[in-house]
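Data block for run30.csv (CSV, C-alpha atoms and all ligand atoms):
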```csv
chain,number,residue,atom,x,y,z
A,1,MET,CA,0.0,0.0,0.0
A,2,LYS,CA,1.4,3.3,-1.1
A,3,ILE,CA,-0.8,5.6,0.8
A,4,SER,CA,1.2,7.3,3.4
A,5,ASP,CA,-0.7,10.5,3.9
A,6,ASN,CA,-2.3,10.4,7.4
A,7,LYS,CA,-5.3,12.5,6.4
A,8,ILE,CA,-6.1,10.1,3.5
A,9,LYS,CA,-5.8,7.2,5.8
A,10,ARG,CA,-8.1,8.7,8.3
A,11,ASN,CA,-10.6,9.5,5.6
A,12,ILE,CA,-10.4,5.9,4.3
A,13,PHE,CA,-11.0,4.6,7.7
A,14,GLN,CA,-14.0,6.9,8.1
A,15,ALA,CA,-15.4,6.0,4.7
A,16,SER,CA,-15.0,2.2,5.4
A,17,SER,CA,-17.0,2.7,8.6
A,18,VAL,CA,-19.8,4.5,6.7
A,19,ILE,CA,-19.9,1.8,4.0
A,20,ARG,CA,-20.1,-0.9,6.6
A,21,ASP,CA,-23.0,0.7,8.3
A,22,SER,CA,-24.9,1.4,5.0
A,23,LYS,CA,-27.8,-0.7,3.9
A,24,CYS,CA,-27.4,0.4,0.3
A,25,THR,CA,-24.2,1.7,-1.2
A,26,VAL,CA,-24.2,2.7,-4.9
A,27,ALA,CA,-21.1,3.4,-6.8
A,28,PHE,CA,-21.2,6.0,-9.6
A,29,THR,CA,-18.2,5.7,-11.9
A,30,GLY,CA,-16.7,7.8,-14.7
A,31,ALA,CA,-13.8,7.9,-17.1
A,32,GLY,CA,-11.3,8.2,-14.2
A,33,ILE,CA,-11.7,4.5,-13.1
A,34,SER,CA,-10.8,3.3,-16.6
A,35,VAL,CA,-7.8,5.5,-17.2
A,36,GLU,CA,-5.6,3.0,-15.4
A,37,SER,CA,-6.8,0.4,-17.9
A,38,GLY,CA,-5.2,2.5,-20.6
A,39,ILE,CA,-8.4,4.2,-21.8
A,40,PRO,CA,-7.9,8.0,-22.1
A,41,PRO,CA,-10.8,10.2,-21.0
A,42,PHE,CA,-12.7,12.1,-23.6
A,43,ARG,CA,-12.1,15.5,-22.0
A,44,GLY,CA,-8.9,17.1,-20.5
A,45,PRO,CA,-5.4,17.8,-21.9
A,46,ASP,CA,-4.7,14.2,-23.1
A,47,GLY,CA,-8.4,13.4,-23.8
A,48,LEU,CA,-9.7,11.9,-27.0
A,49,TRP,CA,-11.1,15.2,-28.1
A,50,THR,CA,-7.7,16.7,-28.5
A,51,LYS,CA,-7.2,14.1,-31.4
A,52,TYR,CA,-10.6,13.6,-32.7
A,53,ASP,CA,-13.5,15.8,-33.7
A,54,PRO,CA,-16.4,14.9,-31.5
A,55,VAL,CA,-18.8,15.5,-34.4
A,56,PHE,CA,-18.4,11.9,-35.5
A,57,LEU,CA,-20.4,10.9,-32.4
A,58,ASP,CA,-23.2,13.2,-33.2
A,59,ILE,CA,-26.3,11.2,-34.1
A,60,ASN,CA,-27.2,13.4,-37.1
A,61,TYR,CA,-23.7,13.3,-38.4
A,62,PHE,CA,-23.8,9.5,-38.0
A,63,ARG,CA,-27.0,9.2,-39.9
A,64,ASN,CA,-25.7,11.2,-42.8
A,65,ASN,CA,-22.1,9.9,-42.8
A,66,PRO,CA,-22.2,6.4,-41.4
A,67,VAL,CA,-19.0,5.2,-43.1
A,68,LYS,CA,-16.9,8.1,-41.9
A,69,SER,CA,-18.4,7.9,-38.5
A,70,TRP,CA,-17.9,4.2,-38.3
A,71,GLN,CA,-14.2,4.4,-39.3
A,72,LEU,CA,-13.5,6.4,-36.2
A,73,ILE,CA,-15.9,4.5,-34.0
A,74,LYS,CA,-14.1,1.3,-35.0
A,75,GLU,CA,-10.7,2.7,-34.4
A,76,ILE,CA,-11.4,4.2,-31.0
A,77,PHE,CA,-14.1,1.9,-29.5
A,78,PHE,CA,-13.5,-1.5,-31.0
A,79,ASP,CA,-9.8,-1.7,-32.0
A,80,PHE,CA,-8.6,0.1,-28.9
A,81,ILE,CA,-11.0,0.3,-26.0
A,82,GLY,CA,-12.5,-3.1,-26.8
A,83,LYS,CA,-9.1,-4.6,-25.9
A,84,ALA,CA,-8.7,-2.9,-22.5
A,85,ARG,CA,-8.8,-5.0,-19.4
A,86,PRO,CA,-10.2,-4.2,-15.9
A,87,ASN,CA,-7.8,-2.8,-13.3
A,88,THR,CA,-7.7,-3.3,-9.5
A,89,ALA,CA,-10.3,-0.6,-9.0
A,90,HIS,CA,-12.9,-2.5,-11.0
A,91,TYR,CA,-11.9,-5.7,-9.1
A,92,ALA,CA,-12.2,-4.0,-5.7
A,93,LEU,CA,-15.8,-2.9,-6.5
A,94,SER,CA,-16.7,-6.4,-7.8
A,95,ASN,CA,-15.3,-7.9,-4.5
A,96,LEU,CA,-17.3,-5.4,-2.5
A,97,GLU,CA,-20.4,-6.4,-4.3
A,98,LYS,CA,-19.7,-10.1,-3.7
A,99,SER,CA,-19.4,-9.5,0.1
A,100,GLY,CA,-22.6,-7.4,0.1
A,101,TYR,CA,-21.1,-3.9,0.6
A,102,ILE,CA,-21.8,-2.5,-2.9
A,103,HIS,CA,-25.4,-2.9,-4.1
A,104,SER,CA,-25.2,-1.4,-7.6
A,105,ILE,CA,-22.9,0.4,-9.9
A,106,ILE,CA,-24.1,3.2,-12.1
A,107,THR,CA,-21.4,3.8,-14.7
A,108,GLN,CA,-21.0,6.5,-17.4
A,109,ASN,CA,-18.4,4.3,-19.1
A,110,ILE,CA,-19.3,2.2,-22.1
A,111,ASP,CA,-16.3,-0.1,-21.9
A,112,ASN,CA,-17.9,-3.1,-20.1
A,113,LEU,CA,-15.0,-3.3,-17.6
A,114,HIS,CA,-17.1,-3.5,-14.5
A,115,GLN,CA,-18.8,-6.6,-15.8
A,116,GLU,CA,-15.5,-8.1,-17.0
A,117,ALA,CA,-14.2,-7.7,-13.4
A,118,GLY,CA,-17.2,-9.6,-12.2
A,119,SER,CA,-19.7,-7.0,-11.1
A,120,THR,CA,-23.3,-8.1,-11.9
A,121,SER,CA,-25.5,-5.2,-10.8
A,122,VAL,CA,-24.3,-2.6,-13.3
A,123,ILE,CA,-26.4,0.2,-15.0
A,124,GLU,CA,-24.8,1.5,-18.1
A,125,TYR,CA,-26.1,5.0,-18.2
A,126,HIS,CA,-24.5,5.8,-21.6
A,127,GLY,CA,-25.0,2.3,-23.1
A,128,THR,CA,-22.2,-0.1,-24.1
A,129,ILE,CA,-19.9,-1.1,-26.9
A,130,LYS,CA,-20.7,-4.8,-26.2
A,131,ASN,CA,-23.8,-4.6,-28.5
A,132,LEU,CA,-24.7,-3.2,-31.8
A,133,LYS,CA,-28.3,-2.2,-32.6
A,134,CYS,CA,-30.1,-2.1,-35.9
A,135,MET,CA,-31.5,1.4,-36.6
A,136,LYS,CA,-34.3,-0.2,-38.7
A,137,CYS,CA,-35.6,-3.3,-36.8
A,138,LEU,CA,-34.0,-2.3,-33.5
A,139,ARG,CA,-32.6,-5.8,-32.9
A,140,ARG,CA,-29.4,-6.0,-30.8
A,141,PHE,CA,-26.4,-8.2,-31.6
A,142,PRO,CA,-23.2,-8.9,-29.6
A,143,SER,CA,-20.5,-6.8,-31.2
A,144,GLU,CA,-18.2,-9.7,-31.4
A,145,ASP,CA,-20.6,-11.5,-33.7
A,146,ILE,CA,-20.5,-8.7,-36.3
A,147,SER,CA,-17.6,-8.2,-38.6
A,148,LEU,CA,-16.2,-4.7,-38.9
A,149,LYS,CA,-14.1,-5.4,-41.9
A,150,ARG,CA,-16.6,-3.7,-44.2
A,151,LEU,CA,-18.1,-0.5,-43.0
A,152,PRO,CA,-20.8,0.4,-42.1
A,153,PRO,CA,-21.9,-3.0,-40.7
A,154,ILE,CA,-25.4,-4.0,-41.6
A,155,CYS,CA,-28.1,-5.9,-39.8
A,156,PRO,CA,-27.9,-9.7,-40.6
A,157,GLU,CA,-31.7,-9.8,-40.2
A,158,CYS,CA,-33.0,-6.9,-42.2
A,159,GLY,CA,-30.1,-5.2,-43.9
A,160,GLY,CA,-30.5,-2.0,-41.9
A,161,LEU,CA,-27.6,0.2,-40.6
A,162,LEU,CA,-26.1,-1.1,-37.4
A,163,ARG,CA,-24.9,1.4,-34.7
A,164,PRO,CA,-23.1,0.9,-31.4
A,165,ASP,CA,-25.6,0.6,-28.5
A,166,PHE,CA,-24.3,3.6,-26.7
A,167,VAL,CA,-25.7,7.1,-26.5
A,168,PHE,CA,-24.6,9.5,-29.2
A,169,PHE,CA,-24.4,13.3,-28.8
A,170,GLY,CA,-27.7,14.8,-29.5
A,171,GLU,CA,-29.6,11.7,-28.1
A,172,PRO,CA,-31.5,11.3,-24.9
A,173,ILE,CA,-30.4,8.8,-22.3
A,174,GLN,CA,-32.3,5.5,-22.8
A,175,GLU,CA,-35.4,5.6,-20.6
A,176,GLU,CA,-34.8,2.4,-18.7
A,177,ALA,CA,-31.2,3.3,-17.8
A,178,GLY,CA,-32.3,6.8,-16.7
A,179,GLN,CA,-35.2,5.6,-14.6
A,180,LEU,CA,-33.3,2.8,-12.9
A,181,SER,CA,-30.4,5.1,-12.1
A,182,ARG,CA,-32.7,7.6,-10.5
A,183,LYS,CA,-34.3,4.9,-8.4
A,184,LYS,CA,-31.0,3.5,-7.3
A,185,ALA,CA,-29.7,7.0,-6.5
A,186,GLU,CA,-32.8,7.8,-4.4
A,187,ASN,CA,-32.5,4.6,-2.4
A,188,ALA,CA,-28.8,4.9,-1.7
A,189,ASP,CA,-27.6,5.5,1.9
A,190,VAL,CA,-24.1,6.0,0.6
A,191,MET,CA,-23.0,7.1,-2.9
A,192,LEU,CA,-19.4,6.3,-3.8
A,193,LEU,CA,-18.3,8.7,-6.6
A,194,ILE,CA,-15.3,7.4,-8.5
A,195,GLY,CA,-13.3,9.1,-11.2
A,196,THR,CA,-16.0,11.4,-12.4
A,197,THR,CA,-15.7,15.2,-12.8
A,198,GLY,CA,-19.4,15.9,-12.9
A,199,GLU,CA,-19.3,17.8,-16.2
A,200,ILE,CA,-21.5,15.6,-18.3
A,201,MET,CA,-25.2,16.2,-18.2
A,202,PRO,CA,-27.6,14.8,-17.3
A,203,ALA,CA,-25.4,12.0,-15.7
A,204,SER,CA,-23.8,14.6,-13.4
A,205,LEU,CA,-27.1,15.1,-11.7
A,206,ILE,CA,-27.3,11.6,-10.2
A,207,PRO,CA,-25.2,12.3,-7.1
A,208,TYR,CA,-27.4,15.3,-6.3
A,209,THR,CA,-30.4,13.0,-6.3
A,210,SER,CA,-28.7,10.8,-3.7
A,211,LYS,CA,-27.6,13.8,-1.7
A,212,ASN,CA,-31.1,15.3,-1.7
A,213,THR,CA,-32.5,12.0,-0.3
A,214,GLY,CA,-30.0,12.0,2.6
A,215,ALA,CA,-27.1,9.9,1.3
A,216,THR,CA,-23.5,10.3,2.5
A,217,ILE,CA,-21.3,11.1,-0.5
A,218,ILE,CA,-17.8,9.6,-0.6
A,219,GLU,CA,-15.7,10.8,-3.5
A,220,VAL,CA,-12.5,9.2,-5.0
A,221,ASN,CA,-10.7,11.4,-7.4
A,222,ILE,CA,-7.2,12.5,-8.4
A,223,SER,CA,-8.3,16.1,-8.1
A,224,GLU,CA,-11.3,18.0,-6.8
A,225,SER,CA,-14.4,17.9,-9.0
A,226,THR,CA,-17.5,20.0,-9.3
A,227,TYR,CA,-18.9,17.9,-6.5
A,228,SER,CA,-16.1,18.2,-4.0
A,229,SER,CA,-17.1,21.5,-2.4
A,230,LYS,CA,-20.8,21.2,-2.9
A,231,ILE,CA,-21.9,17.7,-1.8
A,232,THR,CA,-18.9,15.5,-1.0
A,233,ASP,CA,-18.8,14.5,2.7
A,234,ILE,CA,-15.6,12.4,2.6
A,235,PHE,CA,-13.0,13.1,-0.1
A,236,LEU,CA,-10.4,10.4,-0.8
A,237,HIS,CA,-7.7,11.9,-2.8
A,238,GLY,CA,-5.8,9.6,-5.1
A,239,LYS,CA,-5.9,7.1,-8.0
A,240,ALA,CA,-9.0,4.9,-8.0
A,241,SER,CA,-6.9,1.7,-8.1
A,242,GLU,CA,-4.9,2.6,-5.0
A,243,ILE,CA,-7.7,4.1,-2.9
A,244,LEU,CA,-10.3,1.4,-3.7
A,245,THR,CA,-7.9,-1.4,-3.0
A,246,VAL,CA,-7.2,0.0,0.5
A,247,LEU,CA,-10.8,0.9,1.1
A,248,ALA,CA,-12.0,-2.5,0.2
A,249,GLN,CA,-9.4,-4.1,2.5
A,250,GLU,CA,-10.4,-1.9,5.3
A,251,VAL,CA,-14.1,-2.7,4.9
A,252,GLU,CA,-13.5,-6.4,4.7
A,253,GLN,CA,-11.0,-6.4,7.6
A,254,GLU,CA,-13.6,-4.8,9.9
A,255,ARG,CA,-16.1,-7.4,8.8
A,256,GLY,CA,-13.6,-10.0,9.9
A,257,SER,CA,-13.0,-8.5,13.3
A,258,HIS,CA,-16.7,-8.2,13.8
A,259,LEU,CA,-17.1,-11.9,13.1
A,260,LYS,CA,-14.6,-12.8,15.8
A,261,TYR,CA,-16.7,-11.3,18.6
A,301,ZN,ZN,-32.4,-5.0,-38.6
```
Starting from the coordinates I provided, produce the structure as structure tokens.
Amino acid sequence: MKISDNKIKRNIFQASSVIRDSKCTVAFTGAGISVESGIPPFRGPDGLWTKYDPVFLDINYFRNNPVKSWQLIKEIFFDFIGKARPNTAHYALSNLEKSGYIHSIITQNIDNLHQEAGSTSVIEYHGTIKNLKCMKCLRRFPSEDISLKRLPPICPECGGLLRPDFVFFGEPIQEEAGQLSRKKAENADVMLLIGTTGEIMPASLIPYTSKNTGATIIEVNISESTYSSKITDIFLHGKASEILTVLAQEVEQERGSHLKY
């Protein structure tokens, strides 16, 4: 464990106690948790938008220029992100779910890494790269079953244009994901914010829903976010992988010591 700062240690101890006492802890994750899996965030100095024009993810642009759009989608989301593997932060959350301390994860990421790490209760607020969806018949297909050698890919059932099953710019959040996230956020006693800056609407409102219904907000980030001074109760400063590994150990250890007595 590399965490030597006493203040962070104290905060981790406090956070672990809050999580142990919580009946319903929901994690809300953003790009920061996947950075250590080699996935650059979209925003920021090294973000994808410094290299690519975000217009190719605009739904109207996609409809009018499916081949151009698909070339970049393939390069970024399938050739590159599709090969990323979960890191210790993803595994720490999945272990906490197995031992009953994390009830759900709401993620803004589309990389499927929470599920690959073994988490089962995951709401993908912005959809996923794991499936493609036909724009005509609306059937979904596992991405791995569809060849991307010729672009754009077409629906094996009806010949319609296939798109990734994630939310494009200019599109609303899928209703089911939106409603479920709201419900989970309202029911949470504790919300654990991880690697999210709070800049992407409407996802950024979810932690406020929890706060307004009385949840304790624990934030794990490498720097302060738009939440830190407004709603965060316990701020754990550091990389998601390091903080979550220690936090999970602390929560589990306490459980062990309770069992002894
Ligand atoms: Zn179709």
Q: Go through A:Leu93, A:Leu161, A:Val246, A:Val167 one by one, measure the shortest atom-to-atom distance of each to Trp70 of chain A using all atoms listed in the file, and give the residue with the smallest value.
A: A:Leu161
Contacts of chain A with ligand ZN 301 (chain A) up to 12 Å, shortest pair per row, only C-alpha atoms and all ligand atoms, as a Markdown table:
```
| residue | atom | partner | partner_atom | distance |
| --- | --- | --- | --- | --- |
| A:Leu132 | CA | A:ZN301 | ZN | 10.4 |
| A:Lys133 | CA | A:ZN301 | ZN | 7.8 |
| A:Cys134 | CA | A:ZN301 | ZN | 4.6 |
| A:Met135 | CA | A:ZN301 | ZN | 6.8 |
| A:Lys136 | CA | A:ZN301 | ZN | 5.2 |
| A:Cys137 | CA | A:ZN301 | ZN | 4.0 |
| A:Leu138 | CA | A:ZN301 | ZN | 6.0 |
| A:Arg139 | CA | A:ZN301 | ZN | 5.8 |
| A:Arg140 | CA | A:ZN301 | ZN | 8.4 |
| A:Phe141 | CA | A:ZN301 | ZN | 9.8 |
| A:Pro153 | CA | A:ZN301 | ZN | 10.9 |
| A:Ile154 | CA | A:ZN301 | ZN | 7.7 |
| A:Cys155 | CA | A:ZN301 | ZN | 4.6 |
| A:Pro156 | CA | A:ZN301 | ZN | 6.8 |
| A:Glu157 | CA | A:ZN301 | ZN | 5.1 |
| A:Cys158 | CA | A:ZN301 | ZN | 4.1 |
| A:Gly159 | CA | A:ZN301 | ZN | 5.8 |
| A:Gly160 | CA | A:ZN301 | ZN | 4.8 |
| A:Leu161 | CA | A:ZN301 | ZN | 7.4 |
| A:Leu162 | CA | A:ZN301 | ZN | 7.5 |
| A:Arg163 | CA | A:ZN301 | ZN | 10.6 |
```
Contact table segment 97-160 of chain A vs segment 16-28 of chain A, cut-off 7 Å, shortest pair per residue, only C-alpha atoms, as CSV:
```
residue,atom,partner,partner_atom,distance
A:Tyr101,CA,A:Thr25,CA,6.6
A:Ile102,CA,A:Thr25,CA,5.1
A:His103,CA,A:Thr25,CA,5.6
A:Ser104,CA,A:Val26,CA,5.0
A:Ile105,CA,A:Ala27,CA,4.7
A:Ile106,CA,A:Phe28,CA,4.7
A:Thr107,CA,A:Phe28,CA,5.6
```
Q) Which neighbours of Ser119 of chain A fall inside 9 Å, counting all atoms listed in the file, when residues of the same chain fewer than 6 positions from it are skipped, and could you give them as a ChimeraX atom specification? A) /A:90-91,93-95,97-98,104-105,113
Q. Could you name the residues that touch Phe169 of chain A at 12 Å or less, counting all atoms listed in the file, but leaving out those on the same chain fewer than 2 positions away, as an MDAnalysis selection string?
A. chainID A and resid 54:62 126 166:167 171:173 200:201
Can you write out as a Markdown table which residues of segment 125-172 of chain A fall within 9 Å of segment 78-81 of chain A, alongside each residue's closest atom pair and its distance in Å to one decimal, counting only C-alpha atoms and ordering rows by chain and ascending residue number?
```
| residue | atom | partner | partner_atom | distance |
| --- | --- | --- | --- | --- |
| A:Ile129 | CA | A:Phe78 | CA | 7.6 |
| A:Ser143 | CA | A:Phe78 | CA | 8.8 |
| A:Leu148 | CA | A:Phe78 | CA | 8.9 |
```
